[in-house]
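Participant: query38.pdb is reproduced below (PDB, C-alpha atoms).
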```pdb
MODEL        1
ATOM      1  CA  VAL A   1       1.014   2.441  10.360  1.00  0.00           C
ATOM      2  CA  LEU A   2       0.212   5.368  12.611  1.00  0.00           C
ATOM      3  CA  ARG A   3       1.129   8.984  11.959  1.00  0.00           C
ATOM      4  CA  GLU A   4       0.463  12.258  13.764  1.00  0.00           C
ATOM      5  CA  PRO A   5       0.263  15.455  11.693  1.00  0.00           C
ATOM      6  CA  THR A   6       2.016  18.452  13.256  1.00  0.00           C
ATOM      7  CA  LYS A   7      -0.490  20.893  11.717  1.00  0.00           C
ATOM      8  CA  ASP A   8      -4.034  20.711  10.364  1.00  0.00           C
ATOM      9  CA  VAL A   9      -4.063  19.087   6.924  1.00  0.00           C
ATOM     10  CA  GLU A  10      -6.704  18.307   4.317  1.00  0.00           C
ATOM     11  CA  ILE A  11      -6.690  14.798   2.859  1.00  0.00           C
ATOM     12  CA  ASP A  12      -9.160  14.064   0.071  1.00  0.00           C
ATOM     13  CA  GLY A  13     -11.522  16.779   1.312  1.00  0.00           C
ATOM     14  CA  VAL A  14     -11.321  15.776   4.987  1.00  0.00           C
ATOM     15  CA  ILE A  15      -9.678  18.088   7.536  1.00  0.00           C
ATOM     16  CA  VAL A  16      -7.341  16.140   9.829  1.00  0.00           C
ATOM     17  CA  PRO A  17      -6.596  18.141  12.988  1.00  0.00           C
ATOM     18  CA  ALA A  18      -3.032  18.579  14.201  1.00  0.00           C
ATOM     19  CA  HIS A  19      -1.827  15.989  16.717  1.00  0.00           C
ATOM     20  CA  SER A  20      -4.603  13.520  15.904  1.00  0.00           C
ATOM     21  CA  THR A  21      -3.760   9.892  15.162  1.00  0.00           C
ATOM     22  CA  VAL A  22      -3.983   8.853  11.509  1.00  0.00           C
ATOM     23  CA  LEU A  23      -3.995   5.188  10.563  1.00  0.00           C
ATOM     24  CA  ALA A  24      -2.868   4.118   7.089  1.00  0.00           C
ATOM     25  CA  TYR A  25      -5.162   1.159   6.440  1.00  0.00           C
ATOM     26  CA  PHE A  26      -2.983  -0.907   4.091  1.00  0.00           C
ATOM     27  CA  HIS A  27      -5.086  -4.042   4.451  1.00  0.00           C
ATOM     28  CA  GLY A  28      -8.026  -2.192   2.902  1.00  0.00           C
ATOM     29  CA  VAL A  29      -5.832  -0.747   0.154  1.00  0.00           C
ATOM     30  CA  HIS A  30      -4.654  -4.223  -0.833  1.00  0.00           C
ATOM     31  CA  PHE A  31      -8.214  -5.467  -1.408  1.00  0.00           C
ATOM     32  CA  GLN A  32      -9.603  -2.687  -3.622  1.00  0.00           C
ATOM     33  CA  SER A  33     -11.683  -4.232  -6.410  1.00  0.00           C
ATOM     34  CA  LYS A  34     -11.025  -1.218  -8.651  1.00  0.00           C
ATOM     35  CA  GLU A  35      -7.305  -2.093  -8.605  1.00  0.00           C
ATOM     36  CA  TRP A  36      -7.364  -5.881  -8.416  1.00  0.00           C
ATOM     37  CA  GLU A  37      -9.319  -8.490 -10.326  1.00  0.00           C
ATOM     38  CA  LYS A  38     -10.589 -11.022  -7.769  1.00  0.00           C
ATOM     39  CA  PRO A  39      -8.989  -9.137  -4.839  1.00  0.00           C
ATOM     40  CA  PHE A  40      -9.719 -11.833  -2.240  1.00  0.00           C
ATOM     41  CA  GLU A  41      -8.097 -14.664  -4.212  1.00  0.00           C
ATOM     42  CA  PHE A  42      -4.435 -15.608  -3.883  1.00  0.00           C
ATOM     43  CA  ILE A  43      -3.067 -15.078  -7.406  1.00  0.00           C
ATOM     44  CA  PRO A  44       0.696 -14.499  -7.129  1.00  0.00           C
ATOM     45  CA  GLU A  45       1.072 -14.438 -10.929  1.00  0.00           C
ATOM     46  CA  ARG A  46      -0.527 -10.979 -10.954  1.00  0.00           C
ATOM     47  CA  PHE A  47       2.824  -9.598  -9.748  1.00  0.00           C
ATOM     48  CA  LEU A  48       4.978 -11.150 -12.489  1.00  0.00           C
ATOM     49  CA  GLU A  49       4.624  -8.130 -14.762  1.00  0.00           C
ATOM     50  CA  LYS A  50       4.194  -4.458 -13.969  1.00  0.00           C
ATOM     51  CA  ASP A  51       0.672  -3.222 -14.698  1.00  0.00           C
ATOM     52  CA  SER A  52       0.791   0.461 -15.683  1.00  0.00           C
ATOM     53  CA  SER A  53      -2.993   0.762 -15.327  1.00  0.00           C
ATOM     54  CA  ARG A  54      -2.735   0.032 -11.602  1.00  0.00           C
ATOM     55  CA  HIS A  55      -2.078   2.850  -9.126  1.00  0.00           C
ATOM     56  CA  PRO A  56       1.602   2.766  -8.062  1.00  0.00           C
ATOM     57  CA  ASN A  57       0.582   2.412  -4.409  1.00  0.00           C
ATOM     58  CA  ALA A  58      -2.058  -0.272  -4.969  1.00  0.00           C
ATOM     59  CA  PHE A  59       0.295  -2.684  -3.196  1.00  0.00           C
ATOM     60  CA  VAL A  60       2.530  -1.421  -0.425  1.00  0.00           C
ATOM     61  CA  GLY A  61       3.767  -4.640   1.119  1.00  0.00           C
ATOM     62  CA  PHE A  62       6.968  -2.985   2.344  1.00  0.00           C
ATOM     63  CA  GLY A  63       5.530   0.437   3.047  1.00  0.00           C
ATOM     64  CA  THR A  64       6.463   3.492   1.046  1.00  0.00           C
ATOM     65  CA  GLY A  65       8.462   6.689   1.263  1.00  0.00           C
ATOM     66  CA  GLU A  66      11.294   7.466   3.625  1.00  0.00           C
ATOM     67  CA  ARG A  67      10.072   4.945   6.211  1.00  0.00           C
ATOM     68  CA  MET A  68       9.897   2.051   3.756  1.00  0.00           C
ATOM     69  CA  CYS A  69      11.144  -1.316   5.035  1.00  0.00           C
ATOM     70  CA  ALA A  70      14.951  -1.301   5.017  1.00  0.00           C
ATOM     71  CA  GLY A  71      15.014  -5.002   4.105  1.00  0.00           C
ATOM     72  CA  SER A  72      12.651  -4.812   1.112  1.00  0.00           C
ATOM     73  CA  LYS A  73      15.336  -5.224  -1.563  1.00  0.00           C
ATOM     74  CA  ILE A  74      16.909  -8.281   0.041  1.00  0.00           C
ATOM     75  CA  ALA A  75      13.464  -9.780   0.654  1.00  0.00           C
ATOM     76  CA  MET A  76      12.647  -9.439  -3.047  1.00  0.00           C
ATOM     77  CA  GLN A  77      15.991 -10.995  -4.018  1.00  0.00           C
ATOM     78  CA  GLU A  78      15.378 -13.910  -1.649  1.00  0.00           C
ATOM     79  CA  ALA A  79      11.889 -14.423  -3.090  1.00  0.00           C
ATOM     80  CA  ILE A  80      13.345 -14.704  -6.589  1.00  0.00           C
ATOM     81  CA  VAL A  81      16.053 -17.146  -5.489  1.00  0.00           C
TER
ENDMDL
END
```
Turn this file's structure into structure tokens for me.
Facilitator:
Amino acid sequence: VLREPTKDVEIDGVIVPAHSTVLAYFHGVHFQSKEWEKPFEFIPERFLEKDSSRHPNAFVGFGTGERMCAGSKIAMQEAIV
């Protein structure tokens, strides 16, 4: 996911110049050991219940915000069926 800030912004102490390309590295986010026990193992059961100790954006399989995947709700319904 690429974005281009229209003005200089500071993100976590780093100045990002206007009109530079910013990459949201979701693959790296999804494998954070501080959020996931055994992050490189396929354990689908970990998603059966909401874990309030986990950051709300620890998994962003459909993106987030106003540009979130338009088909995310139907995809989740199909997965359940």
Participant: May I have the protein, DNA and RNA residues with an atom at most 12 Å from (-6.3, -6.4, -11.8), counting only C-alpha atoms in the file's coordinates, returned as a list of chain:residue names?
Facilitator: A:His30, A:Phe31, A:Gln32, A:Ser33, A:Lys34, A:Glu35, A:Trp36, A:Glu37, A:Lys38, A:Pro39, A:Phe40, A:Glu41, A:Ile43, A:Pro44, A:Glu45, A:Arg46, A:Phe47, A:Glu49, A:Lys50, A:Asp51, A:Ser52, A:Ser53, A:Arg54, A:His55, A:Ala58, A:Phe59
Participant: Just the selected residues (C-alpha atoms), exported as a short mmCIF file (atom, residue, chain, number, x, y, z; two decimals), in the coordinates of the input, please.
Facilitator:
```
data_model
loop_
_atom_site.label_atom_id
_atom_site.label_comp_id
_atom_site.auth_asym_id
_atom_site.auth_seq_id
_atom_site.Cartn_x
_atom_site.Cartn_y
_atom_site.Cartn_z
CA HIS A 30 -4.65 -4.22 -0.83
CA PHE A 31 -8.21 -5.47 -1.41
CA GLN A 32 -9.60 -2.69 -3.62
CA SER A 33 -11.68 -4.23 -6.41
CA LYS A 34 -11.02 -1.22 -8.65
CA GLU A 35 -7.30 -2.09 -8.60
CA TRP A 36 -7.36 -5.88 -8.42
CA GLU A 37 -9.32 -8.49 -10.33
CA LYS A 38 -10.59 -11.02 -7.77
CA PRO A 39 -8.99 -9.14 -4.84
CA PHE A 40 -9.72 -11.83 -2.24
CA GLU A 41 -8.10 -14.66 -4.21
CA ILE A 43 -3.07 -15.08 -7.41
CA PRO A 44 0.70 -14.50 -7.13
CA GLU A 45 1.07 -14.44 -10.93
CA ARG A 46 -0.53 -10.98 -10.95
CA PHE A 47 2.82 -9.60 -9.75
CA GLU A 49 4.62 -8.13 -14.76
CA LYS A 50 4.19 -4.46 -13.97
CA ASP A 51 0.67 -3.22 -14.70
CA SER A 52 0.79 0.46 -15.68
CA SER A 53 -2.99 0.76 -15.33
CA ARG A 54 -2.74 0.03 -11.60
CA HIS A 55 -2.08 2.85 -9.13
CA ALA A 58 -2.06 -0.27 -4.97
CA PHE A 59 0.30 -2.68 -3.20
#
```
Participant: Please provide the set of residues having any atom within 10 Å of Ala24 (chain A), restricted to all atoms listed in the file, with same-chain residues fewer than 2 positions apart removed, written as a PDB file with C-alpha atoms, in the coordinates of the input.
Facilitator:
```pdb
ATOM      1  CA  VAL A   1       1.014   2.441  10.360  1.00  0.00           C
ATOM      2  CA  LEU A   2       0.212   5.368  12.611  1.00  0.00           C
ATOM      3  CA  ARG A   3       1.129   8.984  11.959  1.00  0.00           C
ATOM      4  CA  THR A  21      -3.760   9.892  15.162  1.00  0.00           C
ATOM      5  CA  VAL A  22      -3.983   8.853  11.509  1.00  0.00           C
ATOM      6  CA  PHE A  26      -2.983  -0.907   4.091  1.00  0.00           C
ATOM      7  CA  HIS A  27      -5.086  -4.042   4.451  1.00  0.00           C
ATOM      8  CA  GLY A  28      -8.026  -2.192   2.902  1.00  0.00           C
ATOM      9  CA  VAL A  29      -5.832  -0.747   0.154  1.00  0.00           C
TER      10      VAL A  29
END
```
Participant: Give me the residues within 12 Å of Ala18 (chain A) as a list in words, counting all atoms listed in the file and dropping any in the same chain fewer than 6 places off.
Facilitator: Arg3, Glu4, Pro5, Thr6, Lys7, Asp8, Val9 and Glu10 of chain A
Participant: Just give me the gap between CA of Asn57 (chain A) and CA of Tyr25 (chain A) in Å, one decimal is fine.
Facilitator: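 Going from CA of Asn57 (chain A) over to CA of Tyr25 (chain A) covers 12.3 Å.
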Participant: Measure the distance from CA of Lys73 (chain A) to CA of Leu48 (chain A) in Å and round it to one decimal.
Facilitator: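 Pair CA of Lys73 (chain A) / CA of Leu48 (chain A) returns 16.2 Å.
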Participant: Missing atoms in region 29-60 of chain A: fill them in up to N, CA and C atoms and send the result as a PDB file, in the frame of the given file.
Facilitator:
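Below is the file part_37.pdb, written as the result:
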```
ATOM      1  N   VAL A  29      -6.398  -1.147   1.446  1.00  0.00           N
ATOM      2  CA  VAL A  29      -5.832  -0.747   0.154  1.00  0.00           C
ATOM      3  C   VAL A  29      -5.545  -1.977  -0.703  1.00  0.00           C
ATOM      4  N   HIS A  30      -5.056  -3.028  -0.090  1.00  0.00           N
ATOM      5  CA  HIS A  30      -4.654  -4.223  -0.833  1.00  0.00           C
ATOM      6  C   HIS A  30      -5.833  -5.035  -1.353  1.00  0.00           C
ATOM      7  N   PHE A  31      -7.044  -4.703  -0.958  1.00  0.00           N
ATOM      8  CA  PHE A  31      -8.214  -5.467  -1.408  1.00  0.00           C
ATOM      9  C   PHE A  31      -9.210  -4.605  -2.180  1.00  0.00           C
ATOM     10  N   GLN A  32      -8.739  -3.556  -2.836  1.00  0.00           N
ATOM     11  CA  GLN A  32      -9.603  -2.687  -3.622  1.00  0.00           C
ATOM     12  C   GLN A  32      -9.968  -3.355  -4.949  1.00  0.00           C
ATOM     13  N   SER A  33     -11.263  -3.567  -5.173  1.00  0.00           N
ATOM     14  CA  SER A  33     -11.683  -4.232  -6.410  1.00  0.00           C
ATOM     15  C   SER A  33     -11.440  -3.370  -7.644  1.00  0.00           C
ATOM     16  N   LYS A  34     -11.321  -2.061  -7.478  1.00  0.00           N
ATOM     17  CA  LYS A  34     -11.025  -1.218  -8.651  1.00  0.00           C
ATOM     18  C   LYS A  34      -9.574  -1.371  -9.115  1.00  0.00           C
ATOM     19  N   GLU A  35      -8.714  -1.887  -8.253  1.00  0.00           N
ATOM     20  CA  GLU A  35      -7.305  -2.093  -8.605  1.00  0.00           C
ATOM     21  C   GLU A  35      -6.979  -3.549  -8.919  1.00  0.00           C
ATOM     22  N   TRP A  36      -7.710  -4.464  -8.312  1.00  0.00           N
ATOM     23  CA  TRP A  36      -7.364  -5.881  -8.416  1.00  0.00           C
ATOM     24  C   TRP A  36      -8.553  -6.696  -8.909  1.00  0.00           C
ATOM     25  N   GLU A  37      -8.311  -7.519  -9.909  1.00  0.00           N
ATOM     26  CA  GLU A  37      -9.319  -8.490 -10.326  1.00  0.00           C
ATOM     27  C   GLU A  37      -9.304  -9.616  -9.291  1.00  0.00           C
ATOM     28  N   LYS A  38     -10.458  -9.994  -8.806  1.00  0.00           N
ATOM     29  CA  LYS A  38     -10.589 -11.022  -7.769  1.00  0.00           C
ATOM     30  C   LYS A  38      -9.673 -10.700  -6.573  1.00  0.00           C
ATOM     31  N   PRO A  39      -9.911  -9.590  -5.885  1.00  0.00           N
ATOM     32  CA  PRO A  39      -8.989  -9.137  -4.839  1.00  0.00           C
ATOM     33  C   PRO A  39      -8.843 -10.076  -3.646  1.00  0.00           C
ATOM     34  N   PHE A  40      -9.803 -10.955  -3.409  1.00  0.00           N
ATOM     35  CA  PHE A  40      -9.719 -11.833  -2.240  1.00  0.00           C
ATOM     36  C   PHE A  40      -9.167 -13.216  -2.577  1.00  0.00           C
ATOM     37  N   GLU A  41      -8.704 -13.394  -3.820  1.00  0.00           N
ATOM     38  CA  GLU A  41      -8.097 -14.664  -4.212  1.00  0.00           C
ATOM     39  C   GLU A  41      -6.581 -14.527  -4.244  1.00  0.00           C
ATOM     40  N   PHE A  42      -5.890 -15.587  -3.855  1.00  0.00           N
ATOM     41  CA  PHE A  42      -4.435 -15.608  -3.883  1.00  0.00           C
ATOM     42  C   PHE A  42      -3.987 -15.928  -5.303  1.00  0.00           C
ATOM     43  N   ILE A  43      -3.510 -14.930  -6.025  1.00  0.00           N
ATOM     44  CA  ILE A  43      -3.067 -15.078  -7.406  1.00  0.00           C
ATOM     45  C   ILE A  43      -1.685 -14.427  -7.524  1.00  0.00           C
ATOM     46  N   PRO A  44      -0.629 -15.121  -7.124  1.00  0.00           N
ATOM     47  CA  PRO A  44       0.696 -14.499  -7.129  1.00  0.00           C
ATOM     48  C   PRO A  44       1.185 -14.118  -8.523  1.00  0.00           C
ATOM     49  N   GLU A  45       0.649 -14.746  -9.559  1.00  0.00           N
ATOM     50  CA  GLU A  45       1.072 -14.438 -10.929  1.00  0.00           C
ATOM     51  C   GLU A  45       0.767 -12.982 -11.310  1.00  0.00           C
ATOM     52  N   ARG A  46      -0.173 -12.361 -10.619  1.00  0.00           N
ATOM     53  CA  ARG A  46      -0.527 -10.979 -10.954  1.00  0.00           C
ATOM     54  C   ARG A  46       0.648 -10.024 -10.742  1.00  0.00           C
ATOM     55  N   PHE A  47       1.673 -10.463 -10.014  1.00  0.00           N
ATOM     56  CA  PHE A  47       2.824  -9.598  -9.748  1.00  0.00           C
ATOM     57  C   PHE A  47       4.007  -9.878 -10.678  1.00  0.00           C
ATOM     58  N   LEU A  48       3.866 -10.809 -11.605  1.00  0.00           N
ATOM     59  CA  LEU A  48       4.978 -11.150 -12.489  1.00  0.00           C
ATOM     60  C   LEU A  48       5.345 -10.009 -13.433  1.00  0.00           C
ATOM     61  N   GLU A  49       4.358  -9.247 -13.865  1.00  0.00           N
ATOM     62  CA  GLU A  49       4.624  -8.130 -14.762  1.00  0.00           C
ATOM     63  C   GLU A  49       4.030  -6.863 -14.188  1.00  0.00           C
ATOM     64  N   LYS A  50       4.687  -5.741 -14.458  1.00  0.00           N
ATOM     65  CA  LYS A  50       4.194  -4.458 -13.969  1.00  0.00           C
ATOM     66  C   LYS A  50       2.953  -4.067 -14.770  1.00  0.00           C
ATOM     67  N   ASP A  51       1.926  -3.633 -14.072  1.00  0.00           N
ATOM     68  CA  ASP A  51       0.672  -3.222 -14.698  1.00  0.00           C
ATOM     69  C   ASP A  51       0.570  -1.708 -14.596  1.00  0.00           C
ATOM     70  N   SER A  52       0.780  -1.001 -15.719  1.00  0.00           N
ATOM     71  CA  SER A  52       0.791   0.461 -15.683  1.00  0.00           C
ATOM     72  C   SER A  52      -0.597   1.053 -15.435  1.00  0.00           C
ATOM     73  N   SER A  53      -1.648   0.249 -15.589  1.00  0.00           N
ATOM     74  CA  SER A  53      -2.993   0.762 -15.327  1.00  0.00           C
ATOM     75  C   SER A  53      -3.306   0.794 -13.832  1.00  0.00           C
ATOM     76  N   ARG A  54      -2.518   0.097 -13.047  1.00  0.00           N
ATOM     77  CA  ARG A  54      -2.735   0.032 -11.602  1.00  0.00           C
ATOM     78  C   ARG A  54      -2.043   1.207 -10.914  1.00  0.00           C
ATOM     79  N   HIS A  55      -2.672   1.754  -9.894  1.00  0.00           N
ATOM     80  CA  HIS A  55      -2.078   2.850  -9.126  1.00  0.00           C
ATOM     81  C   HIS A  55      -0.748   2.373  -8.540  1.00  0.00           C
ATOM     82  N   PRO A  56       0.296   3.210  -8.548  1.00  0.00           N
ATOM     83  CA  PRO A  56       1.602   2.766  -8.062  1.00  0.00           C
ATOM     84  C   PRO A  56       1.612   2.347  -6.593  1.00  0.00           C
ATOM     85  N   ASN A  57       0.651   2.806  -5.814  1.00  0.00           N
ATOM     86  CA  ASN A  57       0.582   2.412  -4.409  1.00  0.00           C
ATOM     87  C   ASN A  57      -0.563   1.445  -4.133  1.00  0.00           C
ATOM     88  N   ALA A  58      -0.986   0.712  -5.163  1.00  0.00           N
ATOM     89  CA  ALA A  58      -2.058  -0.272  -4.969  1.00  0.00           C
ATOM     90  C   ALA A  58      -1.580  -1.422  -4.091  1.00  0.00           C
ATOM     91  N   PHE A  59      -0.281  -1.671  -4.089  1.00  0.00           N
ATOM     92  CA  PHE A  59       0.295  -2.684  -3.196  1.00  0.00           C
ATOM     93  C   PHE A  59       1.490  -2.060  -2.498  1.00  0.00           C
ATOM     94  N   VAL A  60       1.437  -2.015  -1.199  1.00  0.00           N
ATOM     95  CA  VAL A  60       2.530  -1.421  -0.425  1.00  0.00           C
ATOM     96  C   VAL A  60       2.976  -2.406   0.649  1.00  0.00           C
TER      97      VAL A  60
END
```
